[in-house]
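Working notes for the structure below.
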Amino acid sequence: MNSTAQLHQLNPNAIALCALGRWVANRQWVPATGGNFSIRSGDNSALVTASGKEKGELSPQDLLPVSWQGQQLSCSGTPSAETALHAMLYQLNPATKAVLHTHSVQATVFSRLFTQDNYLFAGYEMQKAISGISSHEQLLPLAIFDNTQDIPALAAEVAQRWHKQPLQYGLLVRGHGLYVWGNSLEQAKRHLEGWEFLINCELERFKIAGLP
Ligand SMILES: [Zn+2]
C-alpha cells in the first residue's frame, strides 16, 4: 500500500462514514447498493461513495476523493452517479460537512403522493430534530423535486430553489429518495433519522385519516 492509500485508510472521517453506512443499511434505507454518502474534506472537495457499493459493507477505500470548481467535477475513480448534487449542496452552504442520500421505502412512497414542490410538516415534537426548529408549532417545509437522470440539471434546480429560500437540511426526489445534510456527520445522521421519522409518521397518519 502506498502512503496516500495508507493515509486514506486511517482517515477518521472515512472510518466514521463507513460506520454510519452500516447503521443506515441496518435500517433498510439503502437497498440494492442504492443511496450514496459523502463527507467534506476541504473547501472544494469531499470523499464520496464509489458507484455500486453495498452501503452496509463500505471500507475507507470505497470512498473516492472528489473535487469541484463550479459545475466541473474531478475524480480519479467512478464516484456515485449523484455526486454533482452532493457537490452542489457543499457549495450552497460552506458549513455543510456531510451529505447522506437514502432510498427508503417510506421516503420513496411519500414523495409520490403529492404533485406539489413542497410539503409542510406541522405539529410533531420530532420536528425539533431538524436544526433551527425549536417548536412543534413551527412549520417545517420539505422540498420535493421531480426525478431525473440529469443530475447536473437537478443540482441547478436545487440551487435555484435554495437562492429563494435555503432548504431545511433535507429534500425529496420524487419516486427516488431523500437527501439530508448537516454541519457535522452526527448532525447529518440526526437529520436523516428525524426526516425519516417525520415521513413515516405522516404515512401512518394518511393510512388512518386519508390523504390531506
Ligand atoms: Zn439515489
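FYI, nothing fancy with the C-alpha cells labels: chains A, B, ... in order, residues from 1 per chain, ligands from 1 as they appear.
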10 Å from ligand 1 is the threshold here; counting only C-alpha atoms and all ligand atoms, which polymer residues fall inside it? Answer as a PDB file with N, CA and C atoms, in the first residue's frame.
ATOM      1  N   VAL A  30     -31.101   1.815   2.363  1.00  0.00           N
ATOM      2  CA  VAL A  30     -30.235   1.871   1.168  1.00  0.00           C
ATOM      3  C   VAL A  30     -30.182   0.496   0.494  1.00  0.00           C
ATOM      4  N   THR A  33     -27.624  -1.632  -3.154  1.00  0.00           N
ATOM      5  CA  THR A  33     -26.494  -0.696  -3.376  1.00  0.00           C
ATOM      6  C   THR A  33     -26.948   0.748  -3.637  1.00  0.00           C
ATOM      7  N   GLY A  34     -28.252   1.015  -3.428  1.00  0.00           N
ATOM      8  CA  GLY A  34     -28.761   2.380  -3.662  1.00  0.00           C
ATOM      9  C   GLY A  34     -28.233   3.359  -2.631  1.00  0.00           C
ATOM     10  N   GLY A  35     -28.491   4.639  -2.896  1.00  0.00           N
ATOM     11  CA  GLY A  35     -28.080   5.697  -1.986  1.00  0.00           C
ATOM     12  C   GLY A  35     -26.614   6.040  -2.140  1.00  0.00           C
ATOM     13  N   ASN A  36     -26.203   7.109  -1.510  1.00  0.00           N
ATOM     14  CA  ASN A  36     -24.790   7.491  -1.507  1.00  0.00           C
ATOM     15  C   ASN A  36     -24.533   8.477  -0.376  1.00  0.00           C
ATOM     16  N   SER A  80     -20.253   7.891  -7.131  1.00  0.00           N
ATOM     17  CA  SER A  80     -21.690   7.742  -7.289  1.00  0.00           C
ATOM     18  C   SER A  80     -22.221   8.683  -8.368  1.00  0.00           C
ATOM     19  N   ALA A  81     -23.243   8.201  -9.096  1.00  0.00           N
ATOM     20  CA  ALA A  81     -23.816   8.981 -10.196  1.00  0.00           C
ATOM     21  C   ALA A  81     -24.366  10.322  -9.710  1.00  0.00           C
ATOM     22  N   GLU A  82     -24.677  10.410  -8.417  1.00  0.00           N
ATOM     23  CA  GLU A  82     -25.325  11.619  -7.913  1.00  0.00           C
ATOM     24  C   GLU A  82     -24.345  12.595  -7.253  1.00  0.00           C
ATOM     25  N   HIS A 101     -27.707  10.320   1.371  1.00  0.00           N
ATOM     26  CA  HIS A 101     -28.833  10.115   0.441  1.00  0.00           C
ATOM     27  C   HIS A 101     -29.323   8.681   0.575  1.00  0.00           C
ATOM     28  N   THR A 102     -30.626   8.524   0.895  1.00  0.00           N
ATOM     29  CA  THR A 102     -31.212   7.201   1.096  1.00  0.00           C
ATOM     30  C   THR A 102     -32.305   6.930   0.073  1.00  0.00           C
ATOM     31  N   HIS A 103     -32.603   5.645  -0.112  1.00  0.00           N
ATOM     32  CA  HIS A 103     -33.698   5.193  -0.974  1.00  0.00           C
ATOM     33  C   HIS A 103     -34.680   4.394  -0.107  1.00  0.00           C
ATOM     34  N   SER A 104     -35.127   4.960   0.992  1.00  0.00           N
ATOM     35  CA  SER A 104     -36.018   4.206   1.879  1.00  0.00           C
ATOM     36  C   SER A 104     -37.397   4.057   1.237  1.00  0.00           C
ATOM     37  N   ASN A 147     -37.906  13.650 -10.262  1.00  0.00           N
ATOM     38  CA  ASN A 147     -36.719  12.833 -10.536  1.00  0.00           C
ATOM     39  C   ASN A 147     -36.223  13.062 -11.976  1.00  0.00           C
ATOM     40  N   GLN A 149     -32.587  11.726 -14.633  1.00  0.00           N
ATOM     41  CA  GLN A 149     -31.263  11.099 -14.707  1.00  0.00           C
ATOM     42  C   GLN A 149     -30.190  12.160 -14.994  1.00  0.00           C
ATOM     43  N   VAL A 173     -36.507  13.583  -3.699  1.00  0.00           N
ATOM     44  CA  VAL A 173     -36.574  13.474  -5.155  1.00  0.00           C
ATOM     45  C   VAL A 173     -37.690  12.463  -5.427  1.00  0.00           C
ATOM     46  N   GLY A 175     -40.237   9.737  -6.230  1.00  0.00           N
ATOM     47  CA  GLY A 175     -40.105   8.348  -6.665  1.00  0.00           C
ATOM     48  C   GLY A 175     -38.687   7.809  -6.527  1.00  0.00           C
ATOM     49  N   HIS A 176     -37.849   8.519  -5.796  1.00  0.00           N
ATOM     50  CA  HIS A 176     -36.418   8.206  -5.775  1.00  0.00           C
ATOM     51  C   HIS A 176     -35.887   8.117  -4.340  1.00  0.00           C
ATOM     52  N   GLY A 177     -35.926   9.189  -3.579  1.00  0.00           N
ATOM     53  CA  GLY A 177     -35.398   9.099  -2.223  1.00  0.00           C
ATOM     54  C   GLY A 177     -35.176  10.444  -1.562  1.00  0.00           C
ATOM     55  N   LEU A 178     -34.453  10.387  -0.467  1.00  0.00           N
ATOM     56  CA  LEU A 178     -34.263  11.537   0.420  1.00  0.00           C
ATOM     57  C   LEU A 178     -32.793  11.946   0.452  1.00  0.00           C
ATOM     58  N   TYR A 179     -32.545  13.242   0.431  1.00  0.00           N
ATOM     59  CA  TYR A 179     -31.209  13.795   0.706  1.00  0.00           C
ATOM     60  C   TYR A 179     -31.273  14.581   2.007  1.00  0.00           C
TER      61      TYR A 179
END
Fewer than 3 positions away in the same chain doesn't count, so skip those; otherwise give me all residues within 9 Å of Ser41 of chain A, counting only C-alpha atoms, as number ranges by chain.
A: 13, 44-47, 65, 97
Could you name the residues that touch segment 125-142 of chain A at 9 Å or less, counting only C-alpha atoms, but leaving out those on the same chain fewer than 2 positions away, as a PDB file with N, CA, C and O atoms, in the first residue's frame?
ATOM      1  N   ASP A 117     -44.330  21.035  -5.023  1.00  0.00           N
ATOM      2  CA  ASP A 117     -42.869  21.000  -4.893  1.00  0.00           C
ATOM      3  C   ASP A 117     -42.407  21.196  -3.439  1.00  0.00           C
ATOM      4  O   ASP A 117     -41.237  21.475  -3.187  1.00  0.00           O
ATOM      5  N   ASN A 118     -43.345  21.004  -2.504  1.00  0.00           N
ATOM      6  CA  ASN A 118     -43.046  21.295  -1.110  1.00  0.00           C
ATOM      7  C   ASN A 118     -44.092  20.592  -0.256  1.00  0.00           C
ATOM      8  O   ASN A 118     -45.260  20.556  -0.625  1.00  0.00           O
ATOM      9  N   TYR A 119     -43.689  20.036   0.897  1.00  0.00           N
ATOM     10  CA  TYR A 119     -44.685  19.503   1.836  1.00  0.00           C
ATOM     11  C   TYR A 119     -44.399  20.114   3.206  1.00  0.00           C
ATOM     12  O   TYR A 119     -43.264  20.116   3.663  1.00  0.00           O
ATOM     13  N   LEU A 120     -45.444  20.621   3.862  1.00  0.00           N
ATOM     14  CA  LEU A 120     -45.270  21.290   5.156  1.00  0.00           C
ATOM     15  C   LEU A 120     -45.581  20.337   6.299  1.00  0.00           C
ATOM     16  O   LEU A 120     -46.698  19.818   6.394  1.00  0.00           O
ATOM     17  N   PHE A 121     -44.609  20.127   7.156  1.00  0.00           N
ATOM     18  CA  PHE A 121     -44.829  19.336   8.375  1.00  0.00           C
ATOM     19  C   PHE A 121     -45.204  20.300   9.500  1.00  0.00           C
ATOM     20  O   PHE A 121     -44.639  21.392   9.611  1.00  0.00           O
ATOM     21  N   ALA A 122     -46.155  19.878  10.324  1.00  0.00           N
ATOM     22  CA  ALA A 122     -46.585  20.711  11.449  1.00  0.00           C
ATOM     23  C   ALA A 122     -47.113  19.812  12.550  1.00  0.00           C
ATOM     24  O   ALA A 122     -47.733  18.780  12.280  1.00  0.00           O
ATOM     25  N   GLY A 123     -46.855  20.205  13.791  1.00  0.00           N
ATOM     26  CA  GLY A 123     -47.480  19.534  14.930  1.00  0.00           C
ATOM     27  C   GLY A 123     -46.689  18.389  15.533  1.00  0.00           C
ATOM     28  O   GLY A 123     -47.145  17.767  16.488  1.00  0.00           O
ATOM     29  N   ILE A 144     -39.634  19.138  -2.524  1.00  0.00           N
ATOM     30  CA  ILE A 144     -39.734  17.946  -3.376  1.00  0.00           C
ATOM     31  C   ILE A 144     -39.377  18.339  -4.813  1.00  0.00           C
ATOM     32  O   ILE A 144     -39.883  19.340  -5.334  1.00  0.00           O
ATOM     33  N   LEU A 167     -32.930  25.502   1.895  1.00  0.00           N
ATOM     34  CA  LEU A 167     -33.706  24.307   2.248  1.00  0.00           C
ATOM     35  C   LEU A 167     -33.358  23.873   3.671  1.00  0.00           C
ATOM     36  O   LEU A 167     -32.279  24.180   4.186  1.00  0.00           O
ATOM     37  N   GLN A 168     -34.295  23.138   4.285  1.00  0.00           N
ATOM     38  CA  GLN A 168     -34.192  22.803   5.715  1.00  0.00           C
ATOM     39  C   GLN A 168     -33.485  21.454   5.939  1.00  0.00           C
ATOM     40  O   GLN A 168     -34.079  20.540   6.504  1.00  0.00           O
ATOM     41  N   TYR A 169     -32.245  21.352   5.484  1.00  0.00           N
ATOM     42  CA  TYR A 169     -31.410  20.167   5.754  1.00  0.00           C
ATOM     43  C   TYR A 169     -32.001  18.889   5.183  1.00  0.00           C
ATOM     44  O   TYR A 169     -31.671  17.790   5.647  1.00  0.00           O
ATOM     45  N   GLY A 170     -32.893  19.022   4.186  1.00  0.00           N
ATOM     46  CA  GLY A 170     -33.434  17.818   3.559  1.00  0.00           C
ATOM     47  C   GLY A 170     -34.171  18.161   2.283  1.00  0.00           C
ATOM     48  O   GLY A 170     -34.668  19.287   2.131  1.00  0.00           O
ATOM     49  N   LEU A 171     -34.206  17.225   1.357  1.00  0.00           N
ATOM     50  CA  LEU A 171     -35.040  17.359   0.164  1.00  0.00           C
ATOM     51  C   LEU A 171     -35.403  15.959  -0.326  1.00  0.00           C
ATOM     52  O   LEU A 171     -34.673  14.996  -0.095  1.00  0.00           O
ATOM     53  N   LEU A 172     -36.568  15.885  -0.991  1.00  0.00           N
ATOM     54  CA  LEU A 172     -37.010  14.618  -1.574  1.00  0.00           C
ATOM     55  C   LEU A 172     -36.895  14.692  -3.076  1.00  0.00           C
ATOM     56  O   LEU A 172     -37.161  15.747  -3.674  1.00  0.00           O
ATOM     57  N   GLY A 182     -25.775  18.052   6.970  1.00  0.00           N
ATOM     58  CA  GLY A 182     -25.591  18.649   8.294  1.00  0.00           C
ATOM     59  C   GLY A 182     -24.222  19.259   8.425  1.00  0.00           C
ATOM     60  O   GLY A 182     -23.339  19.040   7.578  1.00  0.00           O
ATOM     61  N   GLN A 187     -24.699  15.489  12.989  1.00  0.00           N
ATOM     62  CA  GLN A 187     -25.903  16.271  12.719  1.00  0.00           C
ATOM     63  C   GLN A 187     -26.631  15.739  11.480  1.00  0.00           C
ATOM     64  O   GLN A 187     -27.856  15.659  11.451  1.00  0.00           O
ATOM     65  N   ARG A 190     -28.580  12.793  12.551  1.00  0.00           N
ATOM     66  CA  ARG A 190     -29.792  13.206  13.277  1.00  0.00           C
ATOM     67  C   ARG A 190     -30.863  13.711  12.300  1.00  0.00           C
ATOM     68  O   ARG A 190     -32.042  13.378  12.421  1.00  0.00           O
ATOM     69  N   HIS A 191     -30.441  14.480  11.307  1.00  0.00           N
ATOM     70  CA  HIS A 191     -31.406  14.970  10.313  1.00  0.00           C
ATOM     71  C   HIS A 191     -32.007  13.811   9.521  1.00  0.00           C
ATOM     72  O   HIS A 191     -33.194  13.815   9.200  1.00  0.00           O
ATOM     73  N   GLU A 193     -32.405  10.674  10.542  1.00  0.00           N
ATOM     74  CA  GLU A 193     -33.342   9.935  11.390  1.00  0.00           C
ATOM     75  C   GLU A 193     -34.607  10.766  11.631  1.00  0.00           C
ATOM     76  O   GLU A 193     -35.720  10.231  11.635  1.00  0.00           O
ATOM     77  N   GLY A 194     -34.428  12.077  11.801  1.00  0.00           N
ATOM     78  CA  GLY A 194     -35.569  12.968  12.020  1.00  0.00           C
ATOM     79  C   GLY A 194     -36.503  13.010  10.826  1.00  0.00           C
ATOM     80  O   GLY A 194     -37.714  12.820  10.952  1.00  0.00           O
ATOM     81  N   TRP A 195     -35.936  13.215   9.645  1.00  0.00           N
ATOM     82  CA  TRP A 195     -36.776  13.295   8.437  1.00  0.00           C
ATOM     83  C   TRP A 195     -37.451  11.960   8.147  1.00  0.00           C
ATOM     84  O   TRP A 195     -38.636  11.912   7.794  1.00  0.00           O
ATOM     85  N   PHE A 197     -38.279   9.712  10.278  1.00  0.00           N
ATOM     86  CA  PHE A 197     -39.320   9.555  11.304  1.00  0.00           C
ATOM     87  C   PHE A 197     -40.560  10.372  10.926  1.00  0.00           C
ATOM     88  O   PHE A 197     -41.688   9.869  10.969  1.00  0.00           O
ATOM     89  N   LEU A 198     -40.362  11.634  10.570  1.00  0.00           N
ATOM     90  CA  LEU A 198     -41.499  12.511  10.255  1.00  0.00           C
ATOM     91  C   LEU A 198     -42.272  11.997   9.040  1.00  0.00           C
ATOM     92  O   LEU A 198     -43.512  11.997   9.022  1.00  0.00           O
TER      93      LEU A 198
END
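Taking atom CA of Leu58 of chain A as the reference point, atom CA of Cys18 of chain A is found at 5.2 Å.
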Closest of A:Thr108, A:Arg22, A:His86, A:Tyr124 to Arg205 of chain A - atom-to-atom distances counting only C-alpha atoms:
A:Tyr124
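With atom CA of Ala87 of chain A on one side and atom CA of Gln71 of chain A on the other, the separation reads 8.2 Å.
What separates atom CA of Leu73 of chain A from atom CA of Glu54 of chain A is a distance of 23.4 Å.
You can rank A:Arg174, A:Lys207, A:Lys189, A:Arg40 by their closest distance to Phe110 of chain A using only C-alpha atoms, and at the top of that list sits A:Arg174.
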Every residue of segment 50-212 of chain A that DSSP places in alpha helix (DSSP H), as a VMD selection string:
chain A and resid 83 to 92 105 to 111 151 to 164 185 to 209
Out of chain A, which residues get strand (DSSP E) from DSSP, as a ChimeraX atom specification?
/A:36-42,45-49,63-69,72-75,98-102,118-121,140-145,170-173,177-182
Considering only C-alpha atoms, return as a PyMOL selection string whatever protein or nucleic-acid residues lie within 8 Å of Ala155 of chain A, sequence-local ones (same chain, fewer than 2 positions apart) excluded.
chain A and resi 84-85+88+151-153+157-159
